[in-house]
Every structure is written in C-alpha cells, then in structure tokens.
Amino acid sequence: MSEPLKIAPADGRLGILTPGMGAVASTAYAGVIAVRQGLAAPIGSLTQMAHIRLGRRDEGRNPMIKDLVPLASLDDVVFGGWDPISPNALEAARTAGVLDERDIAPISAELEGVVAMPAVFDQRWVKRLEGVRVKTGDNKFDLAQQLIADIERFRTENSCDRMVMVWCGSTEAYQEPSAVHESIGTFEEGMRNDDENIAPSQLYAYAALMSGVPFANGAPNLSADLPCMAQLAEREGVPYTGKDFKTGQTLMKTILAPGFKARMLGMRGWYSTNILGNRDGEVLDDPENFKTKEVSKLGVLDTILQPEVYPELYGHIDHVVRINYYPPRGDNKEGWDAIDIFGWMGYPMQIKVDFLCRDSILAAPIVLDLALFLDLAQRAGQSGNQEWLSFYWKSPHAGANPPEHDIFIQQTKLKNTLREWMGEEPVTHSEAG
Ligand SMILES: NC(=O)c1ccc[n+]([C@@H]2O[C@H](COP(=O)([O-])OP(=O)(O)OC[C@H]3O[C@@H](n4cnc5c(N)ncnc54)[C@H](O)[C@@H]3O)[C@@H](O)[C@H]2O)c1
C-alpha cells in the first residue's frame with residue numbers, strides 16, 4: 001500500500017460561490033437545501049451516494065466515497081453567487097422553471113436568502129442578455145479587485161473556513177487564447193489596459209485563484225484553461241478543473257461510444273440535435289456562443305474512437321451537433337441522436353436515441369460533487385489542473401496529454417485517485433484483484 005496523503009479535516013463551513021445564478025445554480029442550491037431538510041435524495045451525486053470498492057473483490061470492502069475521504073458535510077455548506085439578472089436564488093429558481101412550486105415552497109426562505117452580488121458582465125460576450133445588476137470600474141483589473149473584495153466579504157459574513165467557486169454563468173462567445181493569456185504578467189497588464197480578449201469569466205477565475213479559492217468552469221468558454229491561470233494556480237497552490245458540465249446528450253455519447261468501440265463496431269455518422277427553451281438555449285441561439293458549445297460537444301467522439309488507430313472503423317464519421325432554441329420546451333430539453341453504425345462485413349445499422357432529459361437536474365449534482373471534490377483536493381495539498389475530475393466534463397482539461405472522454409475510464413481514474421490519496425491500492429480488475 002502507498003502512504004496516504006495528509007488531508008486536513010473538513011471542519012468548519014464551506015462557501016460555494018457560483019458566478020451565474022440561473023437554472024443550474026438555483027437547482028443545485030435547492031437540491032442541497034432540500035436534502036439537508038430530508039425532503040429529497042441527492043440522486044446523481046457520487047459524493048453523496050456512490051460506494052467505492054477497496055482491495056480485492058473477496059475482501060468485501062465497499063464503503064461510501066464520503067466515508068472513505070473527508071468531505072465537507074452538506075450541513076456545513078453555504079451558497080453565494082453573482083448574477084447580472086437574477087436578484088436571488090428564489091427568483092432564479094422560479095424563472096428557470098426547473099423545479100415544481102411544491103419543491104420550491106418549503107425551502108423558499110432559504111433560497112431567497114441567497115442574494116446575488118452584482119456581476120462583472122459585458123454584453124459583448126453574451127449578446128442575448130441584458131445585464132441590470134452589473135459592476136462598474138476603472139478597468140478590468142479594478143473589476144477583478146471588486147470580485148476579490150466580494151469573496152472576502154462573503155467569507156467573513158458567512159464565517160467560511162474554506163471556499164470554492166463553480167462557474168454557472170452563461171456560455172461566452174467563442175474565443176481562442178491570445179497573447180494576453182500567456183502569463184500572469186501579460187494578463188494583469190491586459191486587465192489594466194482593458195484588453196478586449198479578456199472575458200468576464202476570466203476575471204472570476206483570476207479572482208478565485210488570487211483568493212486561494214479552487215475554481216471549476218461549468219461552461220465551455222475559456223476561463224481557467226489558459227497558461228496564465230495554470231501559472232497562477234501553481235503559484236498560489238490552488239486546484240482548478242474544467243470545463244463544460246457533461247450532462248444530457250454528451251453524457252449519453254460518452255456512455256454509448258465506448259461500448260461500440262469496445263465491440264469493434266464501426267461508425268459512419270452521428271447526428272445530434274437538441275431543442276431547448278431555457279435561458280441557456282436563448283444564449284446559445286447566438287452563433288458566436290453556439291460555436292463555443294459546438295467545439296466542446298464535437299471533441300468527444302474523436303478521442304474515444306481514435307480514428308487514427310482505427311481508420312477502417314472510425315475514419316469517415318460525419319459528426320454533426322445542432323442546438324435549436326425552442327421556447328415551449330423550457331429546461332426540459334429533447335436531444336435526438338441518429339447514430340449510423342456498421343457491423344460484420346460492413347452491414348449498416350441505425351440507433352436512435354431520444355433523450356427527454358432535464359439539463360439542470362443532471363447538472364446540479366455535478367456542481368455539488370465538483371465543489372466537494374475541489375475542496376478535498378485543496379485540503380489534500382493539490383494544486384493546478386485536477387485531471388481526475390475529467391469524469392464531469394465535456395471538454396476536460398488535460399494539459400499536454402490528449403483528454404480522456406470515455407466515461408468509464410474517467411470513473412476509474414477518479415476512484416483510483418481517491419484510493420491512492422487514502423493509501424489504498426488502485427483497482428486494476430486483473431485476475432487476482
Ligand atoms: N444545464 C446543463 O446541463 C449544462 C451542461 C453543460 C454546461 N452548462 C452551462 O452552464 C451554464 C449555466 O447554465 P444554465 O442552464 O443555468 O443557464 P442560465 O441561463 O439559466 O443561467 C446562467 C446565468 O448566468 C448569468 N450570467 C451571465 N453572465 C454572467 C456573468 N458574467 N457573471 C455572472 N453571471 C452571469 C445569467 O444572467 C444567468 O442567470 C451555461 O453556460 C451552460 O451552457 C449547462
């Protein structure tokens with residue numbers, strides 16, 4: 001057995017701050033509050049529900065993850081956030097329309113108490129939204145300092161011992177990294193000069209890392225996956241992870257594709273279309289914002305199927321992703337997949353998946369798990385990119401390595417990381433194990 005890491009206990013209060021208090025964030029808060037009051041079960045959350053096998057199969061050791069690693073208790077969690085539109089989490093939950101009033105009513109006072117701080121928001125990055133509660137400042141550096149001050153105020157007012165930040169804000173317009181993102185120095189200089197390549201989400205990431213607060217990016221836009229942020233995270237000793245919550249259609253894709261590949265079934269095409277009618281759908285209706293999402297969604301198949309290794313099977317795939325804003329569907333999106341596969345002697349087959357999913361219901365437990373696992377990572381002395389959390393992402397940060405998209409490999413990596421941190425052997429599923 002390896003030596004366990006020294007992990008500080010999860011004593012005291014954990015503040016979870018979300019830039020963006022819309023459908024996902026309000027559903028995450030509401031679920032945690034409801035679970036705390038015994039009104040709901042934390043379905044979909046590994047930190048609350050999953051077990052983890054330890055040692056050989058015949059040892060019969062299978063504790064819950066939360067009993068193996070010291071995670072913050074839900075009773076110690078306090079929520080906060082920023083939003084340019086939602087005034088508080090109650091309004092956000094009612095506007096989002098994800099949860100029924102019968103689930104909101106018993107926890108409405110607590111939700112109302114989560115008041116949004118004015119946001120750093122710039123319509124250049126999210127054309128479809130009109131921000132009404134927006135910070136003003138001399139330049140982007142000044143705005144970042146205001147976020148840092150918000151974090152400290154929240155920490156003091158809520159007696160938080162530790163904090164984490166999970167971006168639940170809208171997807172920003174597509175952008176490639178540029179010179180301003182190359183180092184901490186260029187980024188700080190760029191903020192002072194109001195460099196147009198610095199997006200609001202990057203100011204939140206900077207403020208979090210500068211405050212020693214771990215950061216996760218739930219959207220596909222660039223924010224922590226930049227050289228300047230990697231340097232900052234290492235310098236400040238802070239973990240971060242991202243990006244783009246893996247829910248809905250991409251979740252299904254990364255469940256199904258590894259199965260086809262495991263059986264060496266070929267693929268000719270995968271056509272994915274979505275209709276959704278929430279605010280996220282409205283934002284993604286703008287081509288610049290959709291491009292950010294499209295890049296994130298398209299990436300997964302190639303790395304799972306490895307067309308360069310299996311050109312005969314996966315060398316000619318037409319992979320198309322569409323998102324259409326269709327208000328009647330609200331947050332209850334419909335994602336259709338038409339998958340064209342082929343088998344023995346090249347005979348074609350078709351698979352149709354019609355997933356009538358609820359995006360925010362799938363995303364909310366991810367927000368919680370990421371917050372608790374990032375807090376654990378920090379107490380375990382980890383900093384920089386936490387690749388073991390790839391399990392939760394459509395576009396996992398992988399640094400110089402190719403990202404791993406196969407959800408089953410991601411799950412093994414996540415659980416083996418926890419085992420190793422606790423001085424347990426990784427499970428390899430070899431004959432003896
Ligand atoms: N729901 C899912 O399954 C899922 C999956 C992957 C990624 N995401 C991403 O998560 C994010 C949140 O999704 P949602 O359904 O809650 O969307 P939403 O539109 O309901 O909420 C986003 C909120 O962010 C706010 N916002 C925009 N810019 C901001 C800024 N600069 N600072 C602070 N707040 C800001 C908006 O006012 C809005 O209230 C989106 O980027 C979405 O693409 C969602």
# chains A, B, ... in the order shown; residues from 1 in each chain; ligands from 1
>>> residues_around(residues="range 216-233 of chain A", least_positions_apart="5", cutoff="6 Å", atoms="only C-alpha atoms", output="JSON, numbers by chain")
{"A": [166, 167, 168, 171, 172, 181, 182, 183, 184, 201, 202, 209, 238, 240, 241, 242, 243, 244, 245, 293, 384]}
>>> residues_around(residues="range 386-389 of chain A", least_positions_apart="2", cutoff="6 Å", atoms="only C-alpha atoms", output="list in words")
Thr241, Phe391, Lys413 and Leu414 of chain A
>>> residues_around(residues="Lys415 in chain A", least_positions_apart="4", cutoff="10 Å", atoms="only C-alpha atoms", output="NGL selection string")
:A and (51-54 or 65 or 388-389 or 409-411 or 419-421 or 426-427)
>>> residues_near_ligand(ligand="ligand 1", cutoff="6 Å", atoms="only C-alpha atoms and all ligand atoms", output="mmCIF file with N, CA and C atoms, in the first residue's frame")
data_model
loop_
_atom_site.group_PDB
_atom_site.id
_atom_site.type_symbol
_atom_site.label_atom_id
_atom_site.label_comp_id
_atom_site.auth_asym_id
_atom_site.auth_seq_id
_atom_site.Cartn_x
_atom_site.Cartn_y
_atom_site.Cartn_z
ATOM 1 N N PRO A 19 -20.524 32.146 -9.898
ATOM 2 C CA PRO A 19 -20.826 33.216 -10.840
ATOM 3 C C PRO A 19 -21.915 32.663 -11.756
ATOM 4 N N GLY A 20 -23.048 33.334 -11.829
ATOM 5 C CA GLY A 20 -24.202 32.784 -12.541
ATOM 6 C C GLY A 20 -25.132 32.135 -11.541
ATOM 7 N N MET A 21 -26.308 32.735 -11.374
ATOM 8 C CA MET A 21 -27.342 32.128 -10.528
ATOM 9 C C MET A 21 -28.572 31.945 -11.399
ATOM 10 N N GLY A 22 -28.472 31.001 -12.321
ATOM 11 C CA GLY A 22 -29.580 30.720 -13.223
ATOM 12 C C GLY A 22 -30.150 29.345 -12.908
ATOM 13 N N ALA A 23 -30.491 28.602 -13.974
ATOM 14 C CA ALA A 23 -31.166 27.319 -13.792
ATOM 15 C C ALA A 23 -30.293 26.306 -13.049
ATOM 16 N N VAL A 24 -29.066 26.134 -13.501
ATOM 17 C CA VAL A 24 -28.214 25.106 -12.897
ATOM 18 C C VAL A 24 -27.910 25.448 -11.442
ATOM 19 N N ALA A 25 -27.459 26.693 -11.215
ATOM 20 C CA ALA A 25 -27.047 27.061 -9.856
ATOM 21 C C ALA A 25 -28.228 26.971 -8.890
ATOM 22 N N TRP A 82 -23.016 35.500 -7.993
ATOM 23 C CA TRP A 82 -23.163 36.772 -8.698
ATOM 24 C C TRP A 82 -24.109 36.540 -9.869
ATOM 25 N N ASP A 83 -24.891 37.517 -10.211
ATOM 26 C CA ASP A 83 -25.700 37.407 -11.427
ATOM 27 C C ASP A 83 -26.102 38.810 -11.885
ATOM 28 N N PRO A 84 -26.058 39.061 -13.191
ATOM 29 C CA PRO A 84 -26.473 40.378 -13.677
ATOM 30 C C PRO A 84 -27.985 40.519 -13.817
ATOM 31 N N ILE A 85 -28.717 39.415 -13.670
ATOM 32 C CA ILE A 85 -30.173 39.465 -13.864
ATOM 33 C C ILE A 85 -30.918 38.943 -12.623
ATOM 34 N N SER A 86 -30.642 37.703 -12.228
ATOM 35 C CA SER A 86 -31.372 37.118 -11.085
ATOM 36 C C SER A 86 -31.048 37.882 -9.804
ATOM 37 N N ALA A 119 -22.833 41.540 -10.864
ATOM 38 C CA ALA A 119 -21.879 40.739 -11.646
ATOM 39 C C ALA A 119 -20.869 41.594 -12.403
ATOM 40 N N VAL A 120 -19.752 40.962 -12.720
ATOM 41 C CA VAL A 120 -18.892 41.505 -13.771
ATOM 42 C C VAL A 120 -19.450 40.918 -15.061
ATOM 43 N N PHE A 121 -20.036 41.774 -15.862
ATOM 44 C CA PHE A 121 -20.776 41.293 -17.037
ATOM 45 C C PHE A 121 -20.519 42.241 -18.199
ATOM 46 N N CYS A 168 -21.235 28.966 -13.115
ATOM 47 C CA CYS A 168 -22.533 28.502 -13.631
ATOM 48 C C CYS A 168 -23.148 29.616 -14.467
ATOM 49 N N GLY A 169 -22.310 30.485 -14.981
ATOM 50 C CA GLY A 169 -22.780 31.598 -15.806
ATOM 51 C C GLY A 169 -22.979 31.162 -17.249
ATOM 52 N N SER A 170 -23.562 32.056 -18.016
ATOM 53 C CA SER A 170 -23.846 31.764 -19.422
ATOM 54 C C SER A 170 -22.561 31.456 -20.187
ATOM 55 N N THR A 171 -22.740 30.719 -21.271
ATOM 56 C CA THR A 171 -21.618 30.430 -22.170
ATOM 57 C C THR A 171 -21.230 31.710 -22.911
ATOM 58 N N PRO A 200 -15.277 38.209 -19.042
ATOM 59 C CA PRO A 200 -15.659 38.254 -17.626
ATOM 60 C C PRO A 200 -15.327 36.970 -16.855
ATOM 61 N N GLY A 218 -18.040 25.464 -15.359
ATOM 62 C CA GLY A 218 -19.138 24.642 -15.870
ATOM 63 C C GLY A 218 -19.547 24.923 -17.300
ATOM 64 N N ALA A 219 -18.998 25.958 -17.905
ATOM 65 C CA ALA A 219 -19.365 26.322 -19.282
ATOM 66 C C ALA A 219 -18.181 26.030 -20.204
ATOM 67 N N ASP A 244 -17.163 22.617 -18.939
ATOM 68 C CA ASP A 244 -18.449 22.311 -19.556
ATOM 69 C C ASP A 244 -19.056 21.025 -18.971
ATOM 70 N N PHE A 245 -19.958 21.216 -18.026
ATOM 71 C CA PHE A 245 -20.601 20.070 -17.366
ATOM 72 C C PHE A 245 -21.027 19.018 -18.390
ATOM 73 N N LYS A 246 -20.690 17.777 -18.098
ATOM 74 C CA LYS A 246 -21.094 16.702 -19.021
ATOM 75 C C LYS A 246 -22.467 16.196 -18.605
ATOM 76 N N THR A 247 -23.479 16.647 -19.316
ATOM 77 C CA THR A 247 -24.858 16.252 -18.997
ATOM 78 C C THR A 247 -25.529 15.870 -20.313
ATOM 79 N N ARG A 279 -33.006 29.821 -20.704
ATOM 80 C CA ARG A 279 -32.156 30.993 -20.993
ATOM 81 C C ARG A 279 -30.843 30.552 -21.643
ATOM 82 N N ASP A 280 -30.352 29.388 -21.219
ATOM 83 C CA ASP A 280 -29.135 28.845 -21.826
ATOM 84 C C ASP A 280 -29.357 28.645 -23.330
ATOM 85 N N ASP A 359 -31.864 19.171 -18.222
ATOM 86 C CA ASP A 359 -30.466 19.582 -18.147
ATOM 87 C C ASP A 359 -30.010 19.930 -16.739
ATOM 88 N N SER A 360 -30.777 20.764 -16.082
ATOM 89 C CA SER A 360 -30.310 21.264 -14.786
ATOM 90 C C SER A 360 -30.404 20.185 -13.713
ATOM 91 N N LEU A 362 -29.632 17.168 -14.291
ATOM 92 C CA LEU A 362 -28.401 16.393 -14.471
ATOM 93 C C LEU A 362 -27.163 17.183 -14.048
ATOM 94 N N ALA A 363 -27.229 18.508 -14.181
ATOM 95 C CA ALA A 363 -26.043 19.326 -13.876
ATOM 96 C C ALA A 363 -25.893 19.610 -12.380
#
>>> select_by_dssp(residues="range 45-266 of chain A", states="strand (DSSP E or B)", output="VMD selection string")
chain A and resid 51 54 61 64 77 to 82 88 115 to 117 119 134 160 to 167 215 to 217 239 to 242 245 266
